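Structure file query.cif; described as mmCIF, C-alpha atoms and all ligand atoms.
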data_data
#
loop_
_atom_site.label_atom_id
_atom_site.label_comp_id
_atom_site.auth_asym_id
_atom_site.auth_seq_id
_atom_site.Cartn_x
_atom_site.Cartn_y
_atom_site.Cartn_z
CA MET K 1 -58.96 11.79 22.08
CA LYS K 2 -58.02 8.10 22.42
CA GLY K 3 -57.94 8.52 26.22
CA LEU K 4 -61.47 9.98 26.16
CA ILE K 5 -62.82 7.13 24.06
CA ASP K 6 -61.14 4.63 26.40
CA LEU K 7 -62.84 6.35 29.32
CA LEU K 8 -66.23 6.09 27.61
CA ALA K 9 -65.55 2.47 26.60
CA ARG K 10 -65.14 1.50 30.25
CA ARG K 11 -68.84 2.09 30.76
CA TYR K 12 -69.95 -0.12 27.89
CA ILE K 13 -67.30 -2.88 27.65
CA ALA K 14 -66.59 -5.71 30.12
CA GLY K 15 -62.85 -5.66 29.47
CA THR K 16 -60.35 -6.94 26.95
CA HIS K 17 -60.36 -10.63 27.88
CA ARG K 18 -62.86 -13.46 27.87
CA ALA K 19 -62.42 -13.84 31.61
CA ASP K 20 -63.56 -10.21 32.10
CA ALA K 21 -66.82 -10.96 30.28
CA ILE K 22 -67.41 -14.15 32.29
CA GLU K 23 -66.86 -12.18 35.50
CA VAL K 24 -69.36 -9.49 34.43
CA ALA K 25 -71.86 -12.22 33.47
CA ARG K 26 -71.43 -13.75 36.90
CA ARG K 27 -72.24 -10.40 38.55
CA LEU K 28 -75.28 -9.89 36.31
CA ASN K 29 -76.52 -13.40 37.14
CA ALA K 30 -76.28 -12.56 40.85
CA ASP K 31 -78.77 -9.73 40.17
CA GLY K 32 -81.17 -12.08 38.38
CA LEU K 33 -80.02 -11.00 34.89
CA ARG K 34 -78.76 -13.22 32.06
CA ALA K 35 -75.92 -12.25 29.71
CA THR K 36 -75.19 -12.57 26.03
CA ILE K 37 -71.44 -12.21 25.47
CA ASP K 38 -70.03 -10.64 22.30
CA ASN K 39 -66.40 -10.85 21.22
CA LEU K 40 -65.86 -7.40 19.70
CA GLY K 41 -64.66 -7.25 16.11
CA GLU K 42 -65.98 -6.61 12.61
CA ASN K 43 -64.91 -6.49 8.97
CA VAL K 44 -61.97 -8.88 9.22
CA GLU K 45 -59.72 -8.77 6.18
CA ASP K 46 -58.36 -12.28 5.93
CA ALA K 47 -59.53 -15.84 6.38
CA ALA K 48 -57.04 -16.59 9.15
CA GLU K 49 -58.47 -13.75 11.24
CA ALA K 50 -62.00 -15.11 10.72
CA LEU K 51 -60.85 -18.55 11.89
CA LEU K 52 -59.36 -16.95 15.00
CA THR K 53 -62.84 -15.52 15.70
CA VAL K 54 -64.33 -19.03 15.46
CA LYS K 55 -61.66 -20.30 17.85
CA GLU K 56 -62.36 -17.49 20.32
CA TYR K 57 -66.12 -18.20 20.27
CA SER K 58 -65.47 -21.88 20.75
CA ALA K 59 -63.32 -21.14 23.82
CA LEU K 60 -65.93 -18.66 25.05
CA LEU K 61 -68.69 -21.28 24.83
CA ASP K 62 -66.48 -23.73 26.77
CA ASP K 63 -65.80 -21.08 29.42
CA ILE K 64 -69.51 -20.29 29.76
CA LYS K 65 -70.21 -23.98 30.30
CA GLY K 66 -67.23 -24.46 32.63
CA SER K 67 -68.03 -21.43 34.77
CA GLY K 68 -71.74 -22.19 34.99
CA VAL K 69 -72.75 -18.60 34.16
CA ARG K 70 -76.13 -18.08 32.48
CA SER K 71 -75.09 -16.58 29.15
CA THR K 72 -75.64 -16.99 25.44
CA VAL K 73 -73.28 -15.50 22.81
CA SER K 74 -73.75 -12.82 20.14
CA LEU K 75 -71.72 -12.53 16.93
CA LYS K 76 -71.30 -10.43 13.80
CA LEU K 77 -70.93 -12.07 10.39
CA THR K 78 -68.27 -9.61 9.17
CA HIS K 79 -66.19 -10.74 12.16
CA LEU K 80 -66.47 -14.22 10.65
CA GLY K 81 -65.38 -13.17 7.16
CA LEU K 82 -68.55 -11.98 5.37
CA ASP K 83 -66.49 -9.43 3.40
CA LEU K 84 -64.31 -12.30 2.13
CA GLY K 85 -67.18 -14.48 0.92
CA TYR K 86 -70.65 -15.72 1.72
CA GLY K 87 -69.66 -19.40 2.06
CA ALA K 88 -66.82 -18.81 4.51
CA ALA K 89 -68.99 -16.68 6.81
CA ARG K 90 -71.81 -19.23 6.67
CA ASP K 91 -69.48 -22.15 7.48
CA ASN K 92 -67.85 -20.24 10.33
CA ALA K 93 -71.21 -19.20 11.81
CA GLN K 94 -72.52 -22.74 11.46
CA GLU K 95 -69.51 -24.12 13.31
CA ILE K 96 -70.15 -21.80 16.25
CA VAL K 97 -73.90 -22.53 16.36
CA LYS K 98 -73.19 -26.27 16.15
CA LYS K 99 -70.70 -26.04 18.99
CA ALA K 100 -73.23 -24.03 21.03
CA ARG K 101 -75.89 -26.66 20.39
CA GLY K 102 -73.63 -29.40 21.75
CA LEU K 103 -73.25 -27.33 24.91
CA ASP K 104 -76.97 -26.54 25.13
CA ASN K 105 -76.34 -22.88 24.39
CA PHE K 106 -77.78 -20.29 21.99
CA VAL K 107 -76.30 -17.83 19.46
CA TRP K 108 -77.65 -14.39 18.52
CA PHE K 109 -76.70 -13.02 15.09
CA ASP K 110 -76.19 -9.25 15.39
CA MET K 111 -77.34 -7.11 12.45
CA GLU K 112 -74.79 -4.77 10.88
CA GLY K 113 -75.22 -1.96 8.32
CA SER K 114 -77.72 -2.37 5.47
CA ALA K 115 -75.05 -3.54 3.00
CA TYR K 116 -75.12 -6.81 4.97
CA THR K 117 -78.82 -7.20 5.82
CA ARG K 118 -79.87 -9.56 3.02
CA ARG K 119 -76.81 -11.80 3.39
CA THR K 120 -77.07 -11.88 7.19
CA ILE K 121 -80.70 -13.03 6.99
CA ASP K 122 -79.90 -15.61 4.29
CA ILE K 123 -76.99 -17.10 6.24
CA PHE K 124 -79.01 -17.03 9.45
CA LEU K 125 -81.94 -18.90 7.82
CA ASP K 126 -79.55 -21.43 6.30
CA VAL K 127 -77.96 -22.16 9.70
CA HIS K 128 -81.26 -22.01 11.58
CA ALA K 129 -82.84 -24.64 9.29
CA SER K 130 -80.50 -27.29 10.72
CA HIS K 131 -79.63 -25.70 14.09
CA PRO K 132 -82.62 -24.00 15.76
CA ASN K 133 -80.53 -22.71 18.71
CA CYS K 134 -80.04 -19.28 17.12
CA GLY K 135 -81.84 -15.97 16.68
CA ILE K 136 -81.29 -12.77 14.72
CA ALA K 137 -81.43 -9.00 15.28
CA ILE K 138 -83.80 -6.94 13.09
CA GLN K 139 -83.69 -3.13 12.95
CA SER K 140 -86.87 -1.04 13.05
CA CYS K 141 -85.09 1.82 11.23
CA LEU K 142 -85.21 -0.10 7.92
CA LEU K 143 -88.24 0.00 5.60
CA ARG K 144 -87.76 -3.66 4.72
CA SER K 145 -88.00 -4.94 8.31
CA ALA K 146 -91.77 -5.59 8.39
CA GLY K 147 -91.29 -8.14 5.58
CA ASP K 148 -88.27 -9.66 7.34
CA VAL K 149 -90.15 -9.98 10.63
CA ALA K 150 -93.08 -11.69 8.85
CA LEU K 151 -90.68 -14.18 7.22
CA LEU K 152 -88.84 -14.88 10.47
CA ILE K 153 -92.12 -15.42 12.33
CA LYS K 154 -93.12 -17.92 9.64
CA GLU K 155 -89.79 -19.72 10.07
CA LYS K 156 -90.26 -19.78 13.87
CA ALA K 157 -86.97 -17.97 14.27
CA PRO K 158 -86.34 -15.89 17.41
CA VAL K 159 -85.99 -12.18 16.60
CA ARG K 160 -84.16 -9.58 18.68
CA LEU K 161 -85.86 -6.31 17.79
CA VAL K 162 -83.58 -3.23 17.88
CA LYS K 163 -83.93 0.31 16.52
CA GLY K 164 -80.65 0.14 14.57
CA ALA K 165 -77.24 1.63 15.34
CA TYR K 166 -75.97 2.39 11.82
CA LYS K 167 -76.49 5.48 9.69
CA GLU K 168 -78.58 4.34 6.72
CA PRO K 169 -79.40 5.92 3.33
CA PRO K 170 -82.79 7.75 3.29
CA GLU K 171 -84.18 5.62 0.40
CA ILE K 172 -84.21 2.50 2.57
CA SER K 173 -84.76 3.79 6.09
CA TYR K 174 -87.21 5.81 8.18
CA ALA K 175 -86.21 9.46 8.23
CA SER K 176 -87.18 10.48 11.75
CA LYS K 177 -86.66 8.95 15.18
CA ARG K 178 -90.42 9.21 15.60
CA ASP K 179 -91.01 6.92 12.60
CA VAL K 180 -88.30 4.48 13.75
CA ASP K 181 -90.06 4.29 17.14
CA LYS K 182 -93.49 3.92 15.48
CA ASN K 183 -92.21 1.03 13.38
CA TYR K 184 -90.60 -0.51 16.48
CA ARG K 185 -93.96 -0.42 18.23
CA ALA K 186 -95.70 -2.12 15.30
CA LEU K 187 -93.04 -4.84 14.87
CA MET K 188 -92.91 -5.42 18.62
CA GLY K 189 -96.69 -6.07 18.64
CA GLU K 190 -96.34 -8.61 15.82
CA LEU K 191 -93.45 -10.38 17.54
CA LEU K 192 -95.09 -10.52 20.96
CA LEU K 193 -98.34 -11.87 19.54
CA LYS K 194 -96.96 -14.23 16.89
CA GLY K 195 -93.19 -14.60 17.33
CA ASP K 196 -91.12 -17.38 18.84
CA ARG K 197 -89.27 -16.22 22.02
CA PRO K 198 -88.74 -12.63 20.80
CA ALA K 199 -86.28 -10.30 22.49
CA ILE K 200 -87.41 -6.70 22.97
CA ALA K 201 -83.99 -5.02 22.86
CA THR K 202 -84.37 -1.37 23.81
CA HIS K 203 -83.81 1.03 26.72
CA ASP K 204 -86.81 3.10 25.66
CA ARG K 205 -89.07 3.18 28.70
CA ARG K 206 -92.24 3.90 26.71
CA LEU K 207 -91.69 0.89 24.45
CA ILE K 208 -90.88 -1.35 27.40
CA ASP K 209 -94.08 -0.26 29.18
CA GLU K 210 -96.00 -0.92 25.98
CA ALA K 211 -94.53 -4.44 25.73
CA VAL K 212 -95.57 -5.14 29.32
CA ARG K 213 -99.08 -3.87 28.53
CA ILE K 214 -99.43 -5.98 25.34
CA ALA K 215 -98.23 -9.09 27.20
CA SER K 216 -100.58 -8.58 30.12
CA GLU K 217 -103.64 -7.76 27.97
CA ASN K 218 -103.10 -10.77 25.74
CA GLY K 219 -102.17 -13.32 28.41
CA ILE K 220 -98.65 -13.73 27.01
CA PRO K 221 -96.59 -15.54 29.67
CA LYS K 222 -93.56 -13.65 30.99
CA GLY K 223 -91.32 -16.59 30.10
CA SER K 224 -92.20 -16.53 26.39
CA PHE K 225 -90.29 -13.33 25.57
CA GLU K 226 -87.49 -11.32 27.11
CA PHE K 227 -86.07 -7.84 27.37
CA GLN K 228 -82.49 -7.17 26.31
CA MET K 229 -80.31 -4.16 27.10
CA LEU K 230 -76.70 -3.18 26.69
CA LEU K 231 -74.08 -3.30 29.44
CA GLY K 232 -73.74 0.13 31.04
CA ILE K 233 -77.22 1.41 30.15
CA LYS K 234 -80.27 1.57 32.47
CA ARG K 235 -78.95 -0.83 35.08
CA GLY K 236 -81.77 0.05 37.51
CA LEU K 237 -84.43 -0.70 34.92
CA GLN K 238 -82.77 -4.03 34.07
CA LYS K 239 -82.93 -5.11 37.71
CA SER K 240 -86.43 -3.79 38.26
CA LEU K 241 -87.81 -5.76 35.28
CA ALA K 242 -86.03 -8.90 36.52
CA ARG K 243 -87.57 -8.39 39.97
CA GLN K 244 -91.01 -8.26 38.33
CA GLY K 245 -90.34 -11.72 36.86
CA PHE K 246 -89.43 -10.74 33.28
CA GLY K 247 -86.46 -12.36 31.55
CA VAL K 248 -83.73 -9.74 31.09
CA THR K 249 -80.56 -10.37 29.12
CA VAL K 250 -77.65 -7.93 29.11
CA TYR K 251 -75.37 -7.68 26.07
CA VAL K 252 -71.77 -7.94 27.34
CA PRO K 253 -69.06 -7.01 24.82
CA TYR K 254 -65.37 -7.69 25.42
CA GLY K 255 -62.16 -7.58 23.42
CA VAL K 256 -59.48 -5.25 22.15
CA ASN K 257 -61.43 -4.08 19.07
CA TYR K 258 -63.77 -1.84 21.04
CA LEU K 259 -63.53 1.37 18.99
CA PRO K 260 -66.40 0.92 16.44
CA TYR K 261 -68.77 -0.35 19.15
CA THR K 262 -67.88 2.53 21.49
CA LEU K 263 -68.34 5.08 18.71
CA ARG K 264 -71.83 3.71 17.98
CA ARG K 265 -72.71 4.13 21.68
CA LEU K 266 -71.21 7.62 21.60
CA ARG K 267 -73.27 8.64 18.57
CA GLU K 268 -76.63 7.49 19.90
CA ARG K 269 -76.44 9.70 23.01
CA LYS K 270 -75.85 13.42 22.78
CA GLU K 271 -74.56 13.64 26.38
CA ASN K 272 -71.64 11.41 25.31
CA ILE K 273 -70.81 13.72 22.43
CA PHE K 274 -70.95 16.75 24.77
CA PHE K 275 -68.66 14.89 27.19
CA VAL K 276 -66.03 14.40 24.46
CA LEU K 277 -66.39 17.94 23.09
CA ARG K 278 -66.19 19.51 26.54
CA ASN K 279 -62.97 17.65 27.30
CA ILE K 280 -61.42 18.54 23.94
CA LEU K 281 -62.27 22.22 24.34
CA ASP K 282 -61.14 22.45 28.00
C1 LIG K 301 -79.24 -6.25 23.41
C2 LIG K 301 -79.07 -5.28 22.27
C3 LIG K 301 -78.51 -5.74 21.10
C4 LIG K 301 -78.35 -4.86 20.02
N1 LIG K 301 -77.92 -5.37 18.82
C5 LIG K 301 -77.92 -4.54 17.75
C6 LIG K 301 -77.65 -5.04 16.44
O1 LIG K 301 -77.42 -6.24 16.25
N2 LIG K 301 -77.64 -4.16 15.41
C7 LIG K 301 -77.92 -2.82 15.59
O2 LIG K 301 -77.93 -2.08 14.61
N3 LIG K 301 -78.16 -2.34 16.82
C8 LIG K 301 -78.17 -3.14 17.89
N4 LIG K 301 -78.46 -2.62 19.12
C9 LIG K 301 -78.45 -1.15 19.35
C10 LIG K 301 -79.78 -0.51 19.01
O3 LIG K 301 -80.01 -0.56 17.62
C11 LIG K 301 -79.80 0.97 19.47
O4 LIG K 301 -78.80 1.67 18.81
C12 LIG K 301 -79.62 1.16 20.96
O5 LIG K 301 -80.24 0.16 21.68
C13 LIG K 301 -80.22 2.52 21.41
O6 LIG K 301 -81.57 2.57 21.10
P1 LIG K 301 -82.79 2.39 22.15
O7 LIG K 301 -83.68 1.33 21.63
O8 LIG K 301 -82.27 2.16 23.51
O9 LIG K 301 -83.61 3.73 22.04
P2 LIG K 301 -83.17 5.25 22.18
O10 LIG K 301 -84.40 6.01 21.89
O11 LIG K 301 -81.95 5.52 21.38
O12 LIG K 301 -82.76 5.38 23.70
C14 LIG K 301 -83.71 5.28 24.76
C15 LIG K 301 -83.00 5.73 26.02
O13 LIG K 301 -81.95 4.79 26.35
C16 LIG K 301 -80.82 5.46 26.86
N5 LIG K 301 -79.67 5.24 25.94
C17 LIG K 301 -79.73 4.87 24.63
N6 LIG K 301 -78.49 4.73 24.14
C18 LIG K 301 -77.62 5.07 25.13
C19 LIG K 301 -76.20 5.14 25.24
N7 LIG K 301 -75.41 4.84 24.22
N8 LIG K 301 -75.66 5.51 26.43
C20 LIG K 301 -76.44 5.80 27.49
N9 LIG K 301 -77.81 5.74 27.45
C21 LIG K 301 -78.39 5.38 26.30
C22 LIG K 301 -81.18 6.93 26.93
O14 LIG K 301 -81.70 7.19 28.22
C23 LIG K 301 -82.27 7.06 25.89
O15 LIG K 301 -83.13 8.14 26.14
C24 LIG K 301 -78.67 -3.50 20.19
C25 LIG K 301 -79.24 -3.04 21.37
C26 LIG K 301 -79.46 -3.91 22.40
C27 LIG K 301 -80.12 -3.41 23.64
#
What does the file become when written as structure tokens?
Ligand SMILES: Cc1cc2nc3c(=O)[nH]c(=O)nc-3n(C[C@H](O)[C@H](O)[C@H](O)COP(=O)(O)OP(=O)(O)OC[C@H]3O[C@@H](n4cnc5c(N)ncnc54)[C@H](O)[C@@H]3O)c2cc1C
Amino acid sequence: MKGLIDLLARRYIAGTHRADAIEVARRLNADGLRATIDNLGENVEDAAEALLTVKEYSALLDDIKGSGVRSTVSLKLTHLGLDLGYGAARDNAQEIVKKARGLDNFVWFDMEGSAYTRRTIDIFLDVHASHPNCGIAIQSCLLRSAGDVALLIKEKAPVRLVKGAYKEPPEISYASKRDVDKNYRALMGELLLKGDRPAIATHDRRLIDEAVRIASENGIPKGSFEFQMLLGIKRGLQKSLARQGFGVTVYVPYGVNYLPYTLRRLRERKENIFFVLRNILD
């Protein structure tokens, strides 16, 4: 089973080391795509581990600068100690965003499961108030997200709109994929018309076409928003959008803690589940 997951991971992960991610970013740049590099990891259990994450991001930001690749970074607050305390995670995130600012770079806050949504937004807003070089992911699967998007638009905070990769309780989330997509469409319209440098992060062709239509009908310049996709998914579409002059950023994860990320990618695509089942049953 581990071998199968490793095989799947190869599609979605740059490698285990920082240098692997920089190399992938370099290749993406050559195709006209930007990168946002994520050091894989979540739910750290002690403060020393969280500080190691800060150190790794600091080295990553230096390597991005040193190598000249066009890449931002993406992080998760539980990788920075959110389970250990609000203050520690905020201070750690702030340190990374501050370092990025000194290097003229930008930090995306990923959004984790709903147990962390409120705290992730609070910490993000706290950091963003003094360091505007950061943005945050919002999930269209959650009922609360329309209110969050309105608040973030008011705060002029860049939003990366995603559908959501975590299984959420029915009381707080949309029940069907159709409703998640419908909410995505509505939030995407708000962000394109009123948001500050929003990122439309989806591989859903219909939603991407709709974003292009909204932008063209409303005279929204191509440079004022971007598309984002994950490494290993819809490579042709990424390049085709870039060729049409749209900004396209590819999320590039690296590191040894690739299991939870790979399992989320496995779950969202039934072909991946069939691949694993077929190989187990063979
Ligand atoms: C840049 C970026 C950052 C993200 N950050 C977060 C985050 O912070 N928090 C969070 O909860 N989620 C995040 N996600 C994941 C997101 O929530 C979805 O789980 C994921 O993008 C799949 O949804 P979709 O929008 O592509 O639509 P879907 O309707 O799921 O997929 C549309 C099409 O994309 C292709 N596709 C989708 N997933 C896969 C896959 N795993 N393998 C191969 N093909 C696939 C298929 O062709 C599918 O038909 C992020 C996604 C992106 C692109």
Exercise. Which value, in Å to one decimal, gives the distance between atom N9 of ligand LIG 301 (chain K) and CA of Arg269 in chain K?
Worked result: 6.1 Å
Determine the axis-aligned bounding box of all atoms of range 31-34 of chain K present in the file, pad each side by 5 Å, and express its centre and edge lengths in Å to one decimal place as AutoDock Vina command-line options.
--center_x -80.0 --center_y -11.5 --center_z 36.1 --size_x 12.4 --size_y 13.5 --size_z 18.1
Exercise. Which residues, written as a PyMOL selection string, have at least one atom at most 10 Å from Leu152 in chain K, with all atoms listed in the file counted and residues fewer than 3 positions away on the same chain left out?
Worked result: chain K and resi 121+125+135-136+138+146-149+155-159+191+195-196
List the neighbours of Ser173 in chain K out to 12 Å using all atoms listed in the file; skip same-chain residues closer than 3 positions along the sequence, and give me the result as a PDB file with C-alpha atoms, in the coordinates of the input.
ATOM      1  CA  GLY K 113     -75.220  -1.960   8.320  1.00  0.00           C
ATOM      2  CA  SER K 114     -77.720  -2.370   5.470  1.00  0.00           C
ATOM      3  CA  GLN K 139     -83.690  -3.130  12.950  1.00  0.00           C
ATOM      4  CA  SER K 140     -86.870  -1.040  13.050  1.00  0.00           C
ATOM      5  CA  CYS K 141     -85.090   1.820  11.230  1.00  0.00           C
ATOM      6  CA  LEU K 142     -85.210  -0.100   7.920  1.00  0.00           C
ATOM      7  CA  LEU K 143     -88.240   0.000   5.600  1.00  0.00           C
ATOM      8  CA  ARG K 144     -87.760  -3.660   4.720  1.00  0.00           C
ATOM      9  CA  SER K 145     -88.000  -4.940   8.310  1.00  0.00           C
ATOM     10  CA  ALA K 146     -91.770  -5.590   8.390  1.00  0.00           C
ATOM     11  CA  LYS K 163     -83.930   0.310  16.520  1.00  0.00           C
ATOM     12  CA  GLY K 164     -80.650   0.140  14.570  1.00  0.00           C
ATOM     13  CA  TYR K 166     -75.970   2.390  11.820  1.00  0.00           C
ATOM     14  CA  LYS K 167     -76.490   5.480   9.690  1.00  0.00           C
ATOM     15  CA  GLU K 168     -78.580   4.340   6.720  1.00  0.00           C
ATOM     16  CA  PRO K 169     -79.400   5.920   3.330  1.00  0.00           C
ATOM     17  CA  PRO K 170     -82.790   7.750   3.290  1.00  0.00           C
ATOM     18  CA  SER K 176     -87.180  10.480  11.750  1.00  0.00           C
ATOM     19  CA  LYS K 177     -86.660   8.950  15.180  1.00  0.00           C
ATOM     20  CA  ASP K 179     -91.010   6.920  12.600  1.00  0.00           C
ATOM     21  CA  VAL K 180     -88.300   4.480  13.750  1.00  0.00           C
ATOM     22  CA  ASN K 183     -92.210   1.030  13.380  1.00  0.00           C
TER      23      ASN K 183
END
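Counting all atoms listed in the file and comparing K:Glu190, K:Asp122, K:Glu23, K:Asp110, the residue that lies closest to ligand LIG 301 (chain K) is K:Asp110.
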Exercise. Can you list, as a ChimeraX atom specification, every protein, DNA or RNA residue that comes within 12 Å of Val97 in chain K when you count all atoms listed in the file, leaving out same-chain residues fewer than 5 positions away?
Worked result: /K:54,57-58,61,72-75,90-92,102-109,123-124,126-135
Problem set entry | Computed interatomic separation between atom O15 of ligand LIG 301 (chain K) and CA of Arg160 in chain K (Å) |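 Interatomic distance here is 19.3 Å.
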For this session: Take CA of Leu230 in chain K and CA of Leu207 in chain K and report the distance between them in Å, one decimal.
Result: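 CA of Leu207 in chain K lies 15.7 Å from CA of Leu230 in chain K.
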Exercise. Hey, which of K:Gly255, K:Gly232, K:Pro260, K:Gly189 ends up closest to ligand LIG 301 (chain K)? Count all atoms listed in the file.
Worked result: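 Looking at the shortest contact to ligand LIG 301 (chain K), the residue is K:Gly232.
Near ligand LIG 301 (chain K), at a distance of at most 6 Å and with only C-alpha atoms and all ligand atoms counted, sit the residues Asp110, Met111, Glu112, Ala137, Val162, Lys163, Gly164, Ala165, Tyr166, Ala201, Thr202, His203, Asp204, Gln228, Met229, Leu230, Ile233, Tyr251, Arg265, Leu266, Glu268 and Arg269 of chain K.
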For this session: Check the smallest atom-to-atom distance from each of K:Ala93, K:Ala59, K:Ile64, K:Val250 to Lys234 in chain K using only C-alpha atoms, then report the winner.
Result: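 That would be K:Val250, the residue with the smallest distance to Lys234 in chain K.
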Problem set entry | Distance criterion (all atoms listed in the file): nearest to Leu33 in chain K out of K:Tyr116, K:Tyr184, K:Phe246, K:Tyr174 |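 So, comparing all the options, the nearest one is K:Phe246.
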Exercise. Is there a way to get, as an MDAnalysis selection string, all residues within 7 Å of the point (-73.4, -7.2, 32.6) in file coordinates, counting only C-alpha atoms?
Worked result: chainID K and resid 24:25 27:28 35 231 250:252
Exercise. Which is closer to Leu237 in chain K than all the others in K:Gly68, K:Lys270, K:Ile96, K:Asp31, using all atoms listed in the file?
Worked result: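 Residue with the minimum atom-to-atom distance to Leu237 in chain K: K:Asp31.
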Problem set entry | Spatial neighbours of range 43-53 of chain K, 9 Å, all atoms listed in the file, chain gap at least 5 places, as a ChimeraX atom specification | /K:58,76-84,88-89,92
Problem set entry | Nearest candidate to Thr249 in chain K (options K:Leu192, K:Ile22, K:Leu187, K:Ile37; using all atoms listed in the file) |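 Smallest separation from Thr249 in chain K among the options: K:Ile37.
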Repair of range 128-143 of chain K at the level of N, CA and C atoms, as an mmCIF file, in the coordinates of the input:
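out_4.cif was written with the following content:
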data_model
loop_
_atom_site.group_PDB
_atom_site.id
_atom_site.type_symbol
_atom_site.label_atom_id
_atom_site.label_comp_id
_atom_site.auth_asym_id
_atom_site.auth_seq_id
_atom_site.Cartn_x
_atom_site.Cartn_y
_atom_site.Cartn_z
ATOM 1 N N HIS K 128 -80.126 -21.729 10.697
ATOM 2 C CA HIS K 128 -81.260 -22.010 11.580
ATOM 3 C C HIS K 128 -82.042 -23.237 11.132
ATOM 4 N N ALA K 129 -82.077 -23.489 9.815
ATOM 5 C CA ALA K 129 -82.840 -24.640 9.290
ATOM 6 C C ALA K 129 -82.324 -25.946 9.897
ATOM 7 N N SER K 130 -81.015 -26.043 10.139
ATOM 8 C CA SER K 130 -80.500 -27.290 10.720
ATOM 9 C C SER K 130 -80.144 -27.154 12.201
ATOM 10 N N HIS K 131 -79.991 -25.917 12.676
ATOM 11 C CA HIS K 131 -79.630 -25.700 14.090
ATOM 12 C C HIS K 131 -80.544 -24.614 14.663
ATOM 13 N N PRO K 132 -81.639 -25.012 15.310
ATOM 14 C CA PRO K 132 -82.620 -24.000 15.760
ATOM 15 C C PRO K 132 -82.169 -23.174 16.972
ATOM 16 N N ASN K 133 -80.988 -23.448 17.506
ATOM 17 C CA ASN K 133 -80.530 -22.710 18.710
ATOM 18 C C ASN K 133 -79.881 -21.379 18.336
ATOM 19 N N CYS K 134 -80.581 -20.609 17.473
ATOM 20 C CA CYS K 134 -80.040 -19.280 17.120
ATOM 21 C C CYS K 134 -81.183 -18.321 16.805
ATOM 22 N N GLY K 135 -80.876 -17.033 16.962
ATOM 23 C CA GLY K 135 -81.840 -15.970 16.680
ATOM 24 C C GLY K 135 -81.117 -14.819 15.990
ATOM 25 N N ILE K 136 -81.893 -13.820 15.539
ATOM 26 C CA ILE K 136 -81.290 -12.770 14.720
ATOM 27 C C ILE K 136 -81.853 -11.390 15.072
ATOM 28 N N ALA K 137 -80.990 -10.375 15.009
ATOM 29 C CA ALA K 137 -81.430 -9.000 15.280
ATOM 30 C C ALA K 137 -82.040 -8.394 14.008
ATOM 31 N N ILE K 138 -83.147 -7.676 14.182
ATOM 32 C CA ILE K 138 -83.800 -6.940 13.090
ATOM 33 C C ILE K 138 -83.967 -5.498 13.536
ATOM 34 N N GLN K 139 -83.723 -4.560 12.593
ATOM 35 C CA GLN K 139 -83.690 -3.130 12.950
ATOM 36 C C GLN K 139 -84.962 -2.412 12.489
ATOM 37 N N SER K 140 -85.628 -1.729 13.421
ATOM 38 C CA SER K 140 -86.870 -1.040 13.050
ATOM 39 C C SER K 140 -86.625 0.202 12.209
ATOM 40 N N CYS K 141 -85.369 0.625 12.061
ATOM 41 C CA CYS K 141 -85.090 1.820 11.230
ATOM 42 C C CYS K 141 -85.199 1.509 9.733
ATOM 43 N N LEU K 142 -85.201 0.237 9.355
ATOM 44 C CA LEU K 142 -85.210 -0.100 7.920
ATOM 45 C C LEU K 142 -86.633 -0.341 7.410
ATOM 46 N N LEU K 143 -86.908 0.172 6.198
ATOM 47 C CA LEU K 143 -88.240 0.000 5.600
ATOM 48 C C LEU K 143 -88.562 -1.478 5.369
#
